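Dumped upload-v4.pdb below, it's PDB, C-alpha atoms, pLDDT in the B column:
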```pdb
ATOM      1  CA  MET A   1     141.772 126.651 140.050  1.00 69.00           C
ATOM      2  CA  SER A   2     139.126 124.396 141.593  1.00 66.00           C
ATOM      3  CA  ARG A   3     139.345 120.594 141.655  1.00 68.00           C
ATOM      4  CA  SER A   4     136.260 120.295 139.426  1.00 64.00           C
ATOM      5  CA  VAL A   5     137.829 122.556 136.786  1.00 67.00           C
ATOM      6  CA  ARG A   6     141.109 120.603 136.893  1.00 65.00           C
ATOM      7  CA  GLY A   7     139.184 117.377 136.455  1.00 61.00           C
ATOM      8  CA  LEU A   8     137.330 118.788 133.455  1.00 62.00           C
ATOM      9  CA  ILE A   9     140.589 119.958 131.863  1.00 59.00           C
ATOM     10  CA  ALA A  10     142.207 116.565 132.388  1.00 54.00           C
ATOM     11  CA  ALA A  11     139.225 114.827 130.808  1.00 54.00           C
ATOM     12  CA  LEU A  12     139.402 117.088 127.766  1.00 54.00           C
ATOM     13  CA  ALA A  13     143.137 116.536 127.410  1.00 52.00           C
ATOM     14  CA  VAL A  14     142.759 112.761 127.587  1.00 47.00           C
ATOM     15  CA  SER A  15     139.945 112.818 125.028  1.00 49.00           C
ATOM     16  CA  TRP A  16     142.190 114.754 122.634  1.00 50.00           C
ATOM     17  CA  GLY A  17     145.178 112.466 123.247  1.00 49.00           C
ATOM     18  CA  LEU A  18     147.287 115.360 124.454  1.00 49.00           C
ATOM     19  CA  LEU A  19     148.783 113.756 127.549  1.00 47.00           C
ATOM     20  CA  ALA A  20     150.713 111.311 125.412  1.00 42.00           C
ATOM     21  CA  GLN A  21     152.837 113.927 123.684  1.00 51.00           C
ATOM     22  CA  ALA A  22     156.519 113.077 124.065  1.00 53.00           C
ATOM     23  CA  ASN A  23     157.837 116.615 123.519  1.00 59.00           C
ATOM     24  CA  PRO A  24     155.177 119.127 124.553  1.00 74.00           C
ATOM     25  CA  PHE A  25     155.341 122.665 123.198  1.00 87.00           C
ATOM     26  CA  ARG A  26     156.638 125.178 125.763  1.00 94.00           C
ATOM     27  CA  LEU A  27     155.592 128.791 126.267  1.00 97.00           C
ATOM     28  CA  VAL A  28     156.975 131.527 128.504  1.00 97.00           C
ATOM     29  CA  LEU A  29     154.207 133.745 129.889  1.00 98.00           C
ATOM     30  CA  ALA A  30     154.619 137.273 131.214  1.00 98.00           C
ATOM     31  CA  THR A  31     151.961 139.155 133.135  1.00 97.00           C
ATOM     32  CA  GLU A  32     151.537 142.004 135.618  1.00 93.00           C
ATOM     33  CA  GLU A  33     149.792 142.700 138.907  1.00 89.00           C
ATOM     34  CA  TYR A  34     146.301 143.379 137.547  1.00 87.00           C
ATOM     35  CA  PRO A  35     143.836 141.929 140.038  1.00 86.00           C
ATOM     36  CA  PRO A  36     141.434 140.224 139.920  1.00 89.00           C
ATOM     37  CA  TYR A  37     142.568 139.065 136.469  1.00 93.00           C
ATOM     38  CA  ASN A  38     146.238 138.324 137.191  1.00 94.00           C
ATOM     39  CA  MET A  39     148.080 138.726 140.491  1.00 92.00           C
ATOM     40  CA  SER A  40     150.633 137.200 142.836  1.00 92.00           C
ATOM     41  CA  GLY A  41     149.210 134.625 145.199  1.00 86.00           C
ATOM     42  CA  PRO A  42     150.595 132.778 148.216  1.00 83.00           C
ATOM     43  CA  ASN A  43     154.004 131.093 148.022  1.00 85.00           C
ATOM     44  CA  GLY A  44     154.959 132.965 144.861  1.00 84.00           C
ATOM     45  CA  THR A  45     152.215 131.468 142.706  1.00 93.00           C
ATOM     46  CA  VAL A  46     150.407 133.542 140.091  1.00 97.00           C
ATOM     47  CA  THR A  47     146.620 133.493 140.282  1.00 95.00           C
ATOM     48  CA  GLY A  48     143.543 135.445 139.161  1.00 95.00           C
ATOM     49  CA  ILE A  49     140.696 134.929 136.702  1.00 94.00           C
ATOM     50  CA  SER A  50     142.805 135.318 133.543  1.00 97.00           C
ATOM     51  CA  THR A  51     145.646 133.258 134.997  1.00 98.00           C
ATOM     52  CA  ASP A  52     143.353 130.351 135.825  1.00 97.00           C
ATOM     53  CA  ILE A  53     141.875 130.507 132.314  1.00 98.00           C
ATOM     54  CA  VAL A  54     145.371 130.550 130.777  1.00 98.00           C
ATOM     55  CA  ARG A  55     146.469 127.609 132.927  1.00 97.00           C
ATOM     56  CA  ALA A  56     143.335 125.683 131.946  1.00 97.00           C
ATOM     57  CA  LEU A  57     143.972 126.492 128.284  1.00 97.00           C
ATOM     58  CA  LEU A  58     147.607 125.389 128.237  1.00 97.00           C
ATOM     59  CA  ASP A  59     146.938 122.289 130.338  1.00 96.00           C
ATOM     60  CA  ALA A  60     144.161 121.261 127.950  1.00 96.00           C
ATOM     61  CA  ALA A  61     146.417 121.962 124.956  1.00 95.00           C
ATOM     62  CA  GLY A  62     149.162 119.798 126.485  1.00 95.00           C
ATOM     63  CA  TYR A  63     151.727 122.638 126.610  1.00 96.00           C
ATOM     64  CA  GLU A  64     154.427 123.208 129.188  1.00 96.00           C
ATOM     65  CA  TYR A  65     154.705 126.775 130.463  1.00 97.00           C
ATOM     66  CA  GLU A  66     156.041 129.115 133.102  1.00 97.00           C
ATOM     67  CA  ILE A  67     154.396 132.324 134.338  1.00 98.00           C
ATOM     68  CA  THR A  68     156.250 135.326 135.762  1.00 97.00           C
ATOM     69  CA  VAL A  69     154.908 138.666 137.020  1.00 96.00           C
ATOM     70  CA  TYR A  70     156.709 141.783 135.713  1.00 95.00           C
ATOM     71  CA  PRO A  71     156.023 145.510 135.501  1.00 92.00           C
ATOM     72  CA  TRP A  72     153.614 145.859 132.575  1.00 92.00           C
ATOM     73  CA  ALA A  73     155.984 147.766 130.272  1.00 91.00           C
ATOM     74  CA  ARG A  74     158.567 144.969 130.600  1.00 96.00           C
ATOM     75  CA  ALA A  75     155.958 142.226 130.195  1.00 96.00           C
ATOM     76  CA  ILE A  76     154.705 143.580 126.876  1.00 95.00           C
ATOM     77  CA  ALA A  77     158.275 144.189 125.658  1.00 96.00           C
ATOM     78  CA  LEU A  78     159.227 140.563 126.372  1.00 97.00           C
ATOM     79  CA  ALA A  79     156.282 139.309 124.337  1.00 97.00           C
ATOM     80  CA  ARG A  80     157.349 141.578 121.484  1.00 97.00           C
ATOM     81  CA  THR A  81     160.934 140.345 121.346  1.00 96.00           C
ATOM     82  CA  GLN A  82     161.282 136.858 122.855  1.00 97.00           C
ATOM     83  CA  VAL A  83     160.377 133.775 120.817  1.00 96.00           C
ATOM     84  CA  ASN A  84     157.586 131.554 122.252  1.00 96.00           C
ATOM     85  CA  THR A  85     156.694 134.270 124.754  1.00 98.00           C
ATOM     86  CA  CYS A  86     153.189 135.587 125.399  1.00 98.00           C
ATOM     87  CA  VAL A  87     151.717 138.293 127.632  1.00 98.00           C
ATOM     88  CA  TYR A  88     148.305 138.582 129.284  1.00 98.00           C
ATOM     89  CA  SER A  89     145.842 140.136 130.031  1.00 94.00           C
ATOM     90  CA  MET A  90     146.309 142.351 126.953  1.00 93.00           C
ATOM     91  CA  SER A  91     143.623 144.607 125.507  1.00 87.00           C
ATOM     92  CA  ARG A  92     143.433 144.081 121.747  1.00 88.00           C
ATOM     93  CA  THR A  93     143.588 147.557 120.244  1.00 85.00           C
ATOM     94  CA  PRO A  94     144.187 148.780 116.661  1.00 88.00           C
ATOM     95  CA  GLU A  95     147.617 150.082 117.684  1.00 87.00           C
ATOM     96  CA  ARG A  96     148.662 146.630 118.915  1.00 92.00           C
ATOM     97  CA  GLU A  97     146.920 144.441 116.320  1.00 95.00           C
ATOM     98  CA  ALA A  98     149.919 143.784 114.048  1.00 96.00           C
ATOM     99  CA  LEU A  99     152.474 143.511 116.865  1.00 97.00           C
ATOM    100  CA  TYR A 100     151.336 140.160 118.295  1.00 97.00           C
ATOM    101  CA  LYS A 101     149.453 136.972 117.496  1.00 98.00           C
ATOM    102  CA  TRP A 102     146.235 136.744 119.464  1.00 98.00           C
ATOM    103  CA  VAL A 103     144.545 134.016 121.475  1.00 98.00           C
ATOM    104  CA  GLY A 104     141.166 134.817 122.963  1.00 97.00           C
ATOM    105  CA  PRO A 105     139.350 136.705 124.144  1.00 96.00           C
ATOM    106  CA  LEU A 106     140.141 135.419 127.614  1.00 95.00           C
ATOM    107  CA  VAL A 107     138.018 137.952 129.541  1.00 92.00           C
ATOM    108  CA  PHE A 108     136.110 141.210 129.118  1.00 86.00           C
ATOM    109  CA  ASN A 109     137.163 144.444 130.795  1.00 85.00           C
ATOM    110  CA  ASP A 110     134.933 147.494 131.320  1.00 90.00           C
ATOM    111  CA  TRP A 111     136.927 150.743 131.507  1.00 95.00           C
ATOM    112  CA  ALA A 112     135.617 153.220 134.065  1.00 96.00           C
ATOM    113  CA  LEU A 113     136.279 156.642 135.516  1.00 98.00           C
ATOM    114  CA  PHE A 114     136.531 156.673 139.318  1.00 97.00           C
ATOM    115  CA  ALA A 115     136.045 159.807 141.420  1.00 98.00           C
ATOM    116  CA  ARG A 116     135.943 160.867 145.037  1.00 97.00           C
ATOM    117  CA  ALA A 117     132.562 160.164 146.635  1.00 95.00           C
ATOM    118  CA  GLY A 118     130.270 163.154 146.185  1.00 91.00           C
ATOM    119  CA  ALA A 119     132.186 164.523 143.198  1.00 91.00           C
ATOM    120  CA  SER A 120     130.445 165.386 139.944  1.00 87.00           C
ATOM    121  CA  ARG A 121     129.406 162.476 137.753  1.00 92.00           C
ATOM    122  CA  PRO A 122     130.075 163.023 134.048  1.00 95.00           C
ATOM    123  CA  GLN A 123     127.463 161.562 131.727  1.00 95.00           C
ATOM    124  CA  THR A 124     129.949 161.183 128.882  1.00 96.00           C
ATOM    125  CA  LEU A 125     133.721 161.062 128.563  1.00 96.00           C
ATOM    126  CA  ASP A 126     133.674 164.403 126.727  1.00 96.00           C
ATOM    127  CA  GLU A 127     132.432 166.081 129.917  1.00 96.00           C
ATOM    128  CA  ALA A 128     135.792 165.220 131.518  1.00 96.00           C
ATOM    129  CA  MET A 129     137.778 166.774 128.664  1.00 95.00           C
ATOM    130  CA  MET A 130     139.359 169.534 130.774  1.00 93.00           C
ATOM    131  CA  MET A 131     139.985 167.321 133.806  1.00 96.00           C
ATOM    132  CA  ARG A 132     143.187 165.540 134.842  1.00 97.00           C
ATOM    133  CA  ILE A 133     142.735 161.789 134.430  1.00 98.00           C
ATOM    134  CA  GLY A 134     145.124 159.338 136.099  1.00 98.00           C
ATOM    135  CA  SER A 135     146.262 156.091 134.476  1.00 97.00           C
ATOM    136  CA  TYR A 136     149.572 154.212 134.361  1.00 95.00           C
ATOM    137  CA  GLN A 137     152.444 153.460 132.010  1.00 92.00           C
ATOM    138  CA  GLY A 138     151.744 150.815 129.377  1.00 87.00           C
ATOM    139  CA  ASP A 139     147.980 150.676 129.902  1.00 90.00           C
ATOM    140  CA  ALA A 140     145.906 150.811 126.702  1.00 89.00           C
ATOM    141  CA  ILE A 141     143.632 153.361 128.416  1.00 95.00           C
ATOM    142  CA  VAL A 142     146.410 155.972 128.128  1.00 96.00           C
ATOM    143  CA  ALA A 143     146.488 155.924 124.317  1.00 93.00           C
ATOM    144  CA  TYR A 144     142.693 155.702 124.154  1.00 95.00           C
ATOM    145  CA  LEU A 145     142.290 158.894 126.174  1.00 97.00           C
ATOM    146  CA  GLN A 146     145.197 160.812 124.667  1.00 97.00           C
ATOM    147  CA  THR A 147     144.041 160.245 121.088  1.00 95.00           C
ATOM    148  CA  ARG A 148     140.701 161.786 122.105  1.00 96.00           C
ATOM    149  CA  GLY A 149     142.421 164.887 123.467  1.00 97.00           C
ATOM    150  CA  HIS A 150     142.294 164.134 127.191  1.00 97.00           C
ATOM    151  CA  GLN A 151     144.966 165.176 129.668  1.00 95.00           C
ATOM    152  CA  VAL A 152     146.391 161.967 131.149  1.00 98.00           C
ATOM    153  CA  ASP A 153     148.630 161.856 134.210  1.00 98.00           C
ATOM    154  CA  VAL A 154     150.652 158.673 133.669  1.00 97.00           C
ATOM    155  CA  ALA A 155     151.920 156.939 136.817  1.00 96.00           C
ATOM    156  CA  PRO A 156     154.499 154.107 136.933  1.00 93.00           C
ATOM    157  CA  SER A 157     151.939 151.861 138.667  1.00 91.00           C
ATOM    158  CA  ASP A 158     148.139 151.835 138.965  1.00 93.00           C
ATOM    159  CA  ASP A 159     148.447 151.238 142.723  1.00 93.00           C
ATOM    160  CA  VAL A 160     149.280 154.905 143.367  1.00 97.00           C
ATOM    161  CA  ASN A 161     146.287 156.395 141.563  1.00 98.00           C
ATOM    162  CA  PRO A 162     143.709 156.079 144.382  1.00 98.00           C
ATOM    163  CA  LYS A 163     145.964 158.094 146.707  1.00 97.00           C
ATOM    164  CA  LYS A 164     146.618 160.674 143.964  1.00 98.00           C
ATOM    165  CA  LEU A 165     142.860 161.014 143.509  1.00 98.00           C
ATOM    166  CA  LEU A 166     142.240 161.478 147.239  1.00 98.00           C
ATOM    167  CA  ALA A 167     145.046 164.066 147.385  1.00 97.00           C
ATOM    168  CA  GLY A 168     143.494 166.065 144.543  1.00 96.00           C
ATOM    169  CA  ARG A 169     146.446 165.528 142.205  1.00 97.00           C
ATOM    170  CA  ILE A 170     144.064 164.080 139.607  1.00 98.00           C
ATOM    171  CA  ASP A 171     140.334 164.654 139.065  1.00 97.00           C
ATOM    172  CA  PHE A 172     139.472 161.152 137.863  1.00 98.00           C
ATOM    173  CA  TRP A 173     141.147 157.758 137.844  1.00 98.00           C
ATOM    174  CA  ALA A 174     140.683 155.656 134.693  1.00 98.00           C
ATOM    175  CA  THR A 175     141.077 151.897 135.053  1.00 96.00           C
ATOM    176  CA  GLY A 176     139.204 148.635 134.619  1.00 91.00           C
ATOM    177  CA  ARG A 177     136.029 148.685 136.718  1.00 90.00           C
ATOM    178  CA  LEU A 178     136.683 145.341 138.443  1.00 85.00           C
ATOM    179  CA  ILE A 179     140.379 146.153 138.842  1.00 88.00           C
ATOM    180  CA  GLY A 180     139.608 149.527 140.402  1.00 92.00           C
ATOM    181  CA  GLN A 181     137.097 148.062 142.844  1.00 88.00           C
ATOM    182  CA  TYR A 182     139.586 145.354 143.806  1.00 84.00           C
ATOM    183  CA  ARG A 183     142.382 147.878 144.439  1.00 89.00           C
ATOM    184  CA  LEU A 184     140.113 150.068 146.571  1.00 93.00           C
ATOM    185  CA  LYS A 185     139.125 147.066 148.682  1.00 88.00           C
ATOM    186  CA  GLN A 186     142.772 146.043 149.106  1.00 87.00           C
ATOM    187  CA  GLN A 187     143.764 149.567 150.160  1.00 94.00           C
ATOM    188  CA  GLY A 188     140.791 149.950 152.510  1.00 95.00           C
ATOM    189  CA  ILE A 189     139.417 152.994 150.646  1.00 96.00           C
ATOM    190  CA  ASP A 190     135.641 153.481 150.606  1.00 95.00           C
ATOM    191  CA  SER A 191     135.541 157.157 149.586  1.00 97.00           C
ATOM    192  CA  ILE A 192     136.190 156.526 145.880  1.00 97.00           C
ATOM    193  CA  GLU A 193     133.566 155.137 143.503  1.00 95.00           C
ATOM    194  CA  PRO A 194     133.095 154.385 139.791  1.00 94.00           C
ATOM    195  CA  VAL A 195     131.136 157.167 138.087  1.00 96.00           C
ATOM    196  CA  LEU A 196     131.217 156.316 134.367  1.00 97.00           C
ATOM    197  CA  ASN A 197     131.829 153.225 132.223  1.00 95.00           C
ATOM    198  CA  PHE A 198     133.301 154.560 128.977  1.00 97.00           C
ATOM    199  CA  ASN A 199     134.507 151.513 127.039  1.00 95.00           C
ATOM    200  CA  ARG A 200     134.483 147.719 127.021  1.00 90.00           C
ATOM    201  CA  THR A 201     137.486 145.790 125.739  1.00 86.00           C
ATOM    202  CA  GLU A 202     138.336 142.145 125.331  1.00 89.00           C
ATOM    203  CA  MET A 203     141.590 140.981 126.913  1.00 93.00           C
ATOM    204  CA  TYR A 204     143.724 138.362 125.233  1.00 97.00           C
ATOM    205  CA  LEU A 205     146.811 136.221 125.411  1.00 98.00           C
ATOM    206  CA  ALA A 206     149.136 138.128 123.048  1.00 98.00           C
ATOM    207  CA  CYS A 207     152.073 136.136 121.674  1.00 98.00           C
ATOM    208  CA  GLN A 208     155.347 136.989 119.973  1.00 98.00           C
ATOM    209  CA  ILE A 209     154.785 137.424 116.252  1.00 97.00           C
ATOM    210  CA  GLN A 210     156.935 134.417 115.281  1.00 97.00           C
ATOM    211  CA  LEU A 211     154.751 131.928 117.159  1.00 97.00           C
ATOM    212  CA  PRO A 212     153.666 129.412 114.490  1.00 96.00           C
ATOM    213  CA  ASP A 213     150.157 129.931 113.165  1.00 97.00           C
ATOM    214  CA  ALA A 214     149.397 126.271 113.845  1.00 95.00           C
ATOM    215  CA  GLN A 215     150.014 126.814 117.565  1.00 96.00           C
ATOM    216  CA  VAL A 216     147.849 129.961 117.640  1.00 97.00           C
ATOM    217  CA  GLN A 217     145.025 128.128 115.864  1.00 97.00           C
ATOM    218  CA  LYS A 218     145.306 125.184 118.249  1.00 96.00           C
ATOM    219  CA  LEU A 219     145.133 127.465 121.279  1.00 97.00           C
ATOM    220  CA  ASN A 220     142.083 129.284 119.945  1.00 98.00           C
ATOM    221  CA  ARG A 221     140.320 125.983 119.194  1.00 97.00           C
ATOM    222  CA  THR A 222     141.144 124.718 122.669  1.00 97.00           C
ATOM    223  CA  LEU A 223     139.867 127.921 124.290  1.00 98.00           C
ATOM    224  CA  HIS A 224     136.602 127.614 122.373  1.00 97.00           C
ATOM    225  CA  ALA A 225     136.236 124.032 123.613  1.00 96.00           C
ATOM    226  CA  LEU A 226     136.795 125.168 127.209  1.00 96.00           C
ATOM    227  CA  GLU A 227     134.111 127.831 126.846  1.00 95.00           C
ATOM    228  CA  LYS A 228     131.701 125.284 125.400  1.00 95.00           C
ATOM    229  CA  SER A 229     132.425 122.810 128.219  1.00 95.00           C
ATOM    230  CA  GLY A 230     131.599 125.344 130.953  1.00 95.00           C
ATOM    231  CA  ALA A 231     135.121 125.340 132.431  1.00 95.00           C
ATOM    232  CA  ILE A 232     135.545 129.112 132.050  1.00 93.00           C
ATOM    233  CA  ARG A 233     132.213 129.857 133.724  1.00 92.00           C
ATOM    234  CA  LYS A 234     133.383 127.756 136.674  1.00 94.00           C
ATOM    235  CA  ILE A 235     136.602 129.763 136.934  1.00 93.00           C
ATOM    236  CA  TYR A 236     134.654 133.032 137.054  1.00 87.00           C
ATOM    237  CA  ALA A 237     132.286 131.581 139.653  1.00 85.00           C
ATOM    238  CA  GLY A 238     135.248 130.661 141.850  1.00 86.00           C
ATOM    239  CA  TYR A 239     136.053 134.385 142.138  1.00 81.00           C
ATOM    240  CA  GLY A 240     132.429 135.355 142.729  1.00 73.00           C
ATOM    241  CA  TYR A 241     131.843 136.779 139.234  1.00 72.00           C
ATOM    242  CA  THR A 242     129.572 135.931 136.325  1.00 64.00           C
ATOM    243  CA  PRO A 243     131.113 136.515 132.864  1.00 57.00           C
TER     244      PRO A 243
END
```
Turn this file's structure into structure tokens for me.
Amino acid sequence: MSRSVRGLIAALAVSWGLLAQANPFRLVLATEEYPPYNMSGPNGTVTGISTDIVRALLDAAGYEYEITVYPWARAIALARTQVNTCVYSMSRTPEREALYKWVGPLVFNDWALFARAGASRPQTLDEAMMMRIGSYQGDAIVAYLQTRGHQVDVAPSDDVNPKKLLAGRIDFWATGRLIGQYRLKQQGIDSIEPVLNFNRTEMYLACQIQLPDAQVQKLNRTLHALEKSGAIRKIYAGYGYTP
């Protein structure tokens, strides 16, 4: 998070009298490796667009917190079962709606099909109905595709899907467009490209269902104030993106 964003957050917190709280509320946050939204940084820190927004949000709200990276299936299970625990970046889907309390949206996420360069480009998702589509365990894309009748090859981690695509084990790779482009850059692969955006979702901070409504409302009000102040736009700009 940049110095200018930290200064803006501190100013907001002071103006709301939050720094004077004697016993600040504490949250435990679980996330996954999902760059550029959330990812491990140097010296064990957790960084990324969503992470910086979450840090800005909780700092402005005057909350204490800790953030730990887990495999996604474990991260979402912790936020289901552990009091005062939240998970991000979580797509808000009908299947998940009643399982958590929601703060956000934090960021938007375009879902895309990736294919080997030179492969056919479907114009609609239905055109890929008979193809093998790769995703990974716990991702909302899996349920989205399966409920529409698609054949989904579910991997334990999204990291392996580019290599599976190059090896011909899957015909398409379904993931977030920015996430997919980031992974390809990290793995030094330039022979895979996005060929179809098929959905846009909003990603949230999803909290354990027993989190008090007053805390959820406070977090949503604080997030709205950050958006209005321009702090979130500055976070995006620091990663070279425009929301």
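Taking CA of Pro36 in chain A and CA of Phe198 in chain A as the two end points, the separation is 19.8 Å.
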Tell me which of A:Met131, A:Ile209, A:Ile189, A:Ile76 sits closest to Met90 in chain A, counting only C-alpha atoms. A:Ile76
Could you write out as an MDAnalysis selection string the residues that the PyMOL selection byres ((chain A and resi 109) around 8) matches in the shown file? chainID A and resid 107:108 110:111 176:178 200:203
Explicit residue set for the PyMOL selection byres ((chain A and resi 50) around 8), as a list in words: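 Answer for the PyMOL selection byres ((chain A and resi 50) around 8): Tyr37, Asn38, Thr47, Gly48, Ile49, Thr51, Asp52, Ile53, Val54, Tyr88, Ser89, Leu106 and Val107 of chain A.
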Given the choices A:Leu226, A:Val160, A:Leu125, A:Cys207, which gets closest to Tyr144 in chain A if the distance is worked out from all atoms listed in the file?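 Of A:Leu226, A:Val160, A:Leu125, A:Cys207, the one nearest Tyr144 in chain A is A:Leu125, counting all atoms listed in the file.
Among the candidates A:Glu227, A:Glu33, A:Glu193, A:Asp159, the one nearest to Gly118 in chain A when counting only C-alpha atoms is A:Glu193.
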Report, in Å to a single decimal, how far apart CA of Thr85 in chain A and CA of Pro105 in chain A are.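 Interatomic distance, CA of Pro105 in chain A to CA of Thr85 in chain A: 17.5 Å.
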Go ahead and find all residues with at least one atom no further than 6 Å from (142.9, 157.6, 138.2) in the file's coordinates, using only C-alpha atoms; report them as an MDAnalysis selection string. chainID A and resid 133:135 161 172:174
Close residues, Leu58 in chain A itself excluded, 12 Å, only C-alpha atoms, min 4 positions apart in chain, as a compact mmCIF listing (two decimals) with C-alpha atoms, keeping the file's coordinate frame:
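Below is the file that was written, result-v8.txt:
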```
# COMPACT_ATOMS: atom_id res chain seq x y z
CA ARG A 6 141.11 120.60 136.89
CA ILE A 9 140.59 119.96 131.86
CA ALA A 10 142.21 116.56 132.39
CA LEU A 12 139.40 117.09 127.77
CA ALA A 13 143.14 116.54 127.41
CA LEU A 18 147.29 115.36 124.45
CA LEU A 19 148.78 113.76 127.55
CA PRO A 24 155.18 119.13 124.55
CA PHE A 25 155.34 122.66 123.20
CA ARG A 26 156.64 125.18 125.76
CA LEU A 27 155.59 128.79 126.27
CA VAL A 28 156.98 131.53 128.50
CA LEU A 29 154.21 133.74 129.89
CA THR A 51 145.65 133.26 135.00
CA ASP A 52 143.35 130.35 135.82
CA ILE A 53 141.88 130.51 132.31
CA VAL A 54 145.37 130.55 130.78
CA GLY A 62 149.16 119.80 126.48
CA TYR A 63 151.73 122.64 126.61
CA GLU A 64 154.43 123.21 129.19
CA TYR A 65 154.71 126.78 130.46
CA GLU A 66 156.04 129.12 133.10
CA ILE A 67 154.40 132.32 134.34
CA CYS A 86 153.19 135.59 125.40
CA VAL A 103 144.54 134.02 121.48
CA LEU A 205 146.81 136.22 125.41
CA GLN A 215 150.01 126.81 117.56
CA VAL A 216 147.85 129.96 117.64
CA LYS A 218 145.31 125.18 118.25
CA LEU A 219 145.13 127.46 121.28
CA ASN A 220 142.08 129.28 119.94
CA ARG A 221 140.32 125.98 119.19
CA THR A 222 141.14 124.72 122.67
CA LEU A 223 139.87 127.92 124.29
CA LEU A 226 136.79 125.17 127.21
```
Give me, please, the distance in Å between CA of Arg233 in chain A and CA of Gly41 in chain A, quoted to one decimal.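 Computing it gives 21.1 Å between the two atoms.
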Could you tell me which residues the PyMOL selection byres ((chain A and resi 210) around 9) returns for this structure, as a VMD selection string? chain A and resid 83 to 84 100 to 101 207 to 209 211 to 213
Same residues, C-alpha atoms, saved as a short mmCIF file (atom, residue, chain, number, x, y, z; two decimals), in the coordinates of the input:
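Result went into again32.cif, see below:
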```cif
data_model
loop_
_atom_site.label_atom_id
_atom_site.label_comp_id
_atom_site.auth_asym_id
_atom_site.auth_seq_id
_atom_site.Cartn_x
_atom_site.Cartn_y
_atom_site.Cartn_z
CA VAL A 83 160.38 133.78 120.82
CA ASN A 84 157.59 131.55 122.25
CA TYR A 100 151.34 140.16 118.30
CA LYS A 101 149.45 136.97 117.50
CA CYS A 207 152.07 136.14 121.67
CA GLN A 208 155.35 136.99 119.97
CA ILE A 209 154.78 137.42 116.25
CA LEU A 211 154.75 131.93 117.16
CA PRO A 212 153.67 129.41 114.49
CA ASP A 213 150.16 129.93 113.16
#
```
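Nearest residue to Gly180 in chain A among A:Ala206, A:Ala112, A:Ala225, A:Val142 is A:Ala112, counting only C-alpha atoms.
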Using only C-alpha atoms for the distances, tell me which of A:Val195, A:Val46, A:Ile170, A:Leu78 is nearest to Ala155 in chain A.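 Distance minimum relative to Ala155 in chain A lands on A:Ile170.
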If you take every atom of range 53-64 of chain A that the file lists and fit an axis-aligned box around them with 6 Å extra on each side, what centre and edge lengths come out in Å to one decimal, as JSON?
```
{"center_x": 148.2, "center_y": 125.2, "center_z": 128.9, "size_x": 24.6, "size_y": 22.8, "size_z": 20.0}
```
Between A:Ala60, A:Ala77, A:Ala115, A:Ile235, single out the one closest to Asp171 in chain A, counting all atoms listed in the file.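 Among the listed residues, A:Ala115 lies closest to Asp171 in chain A.
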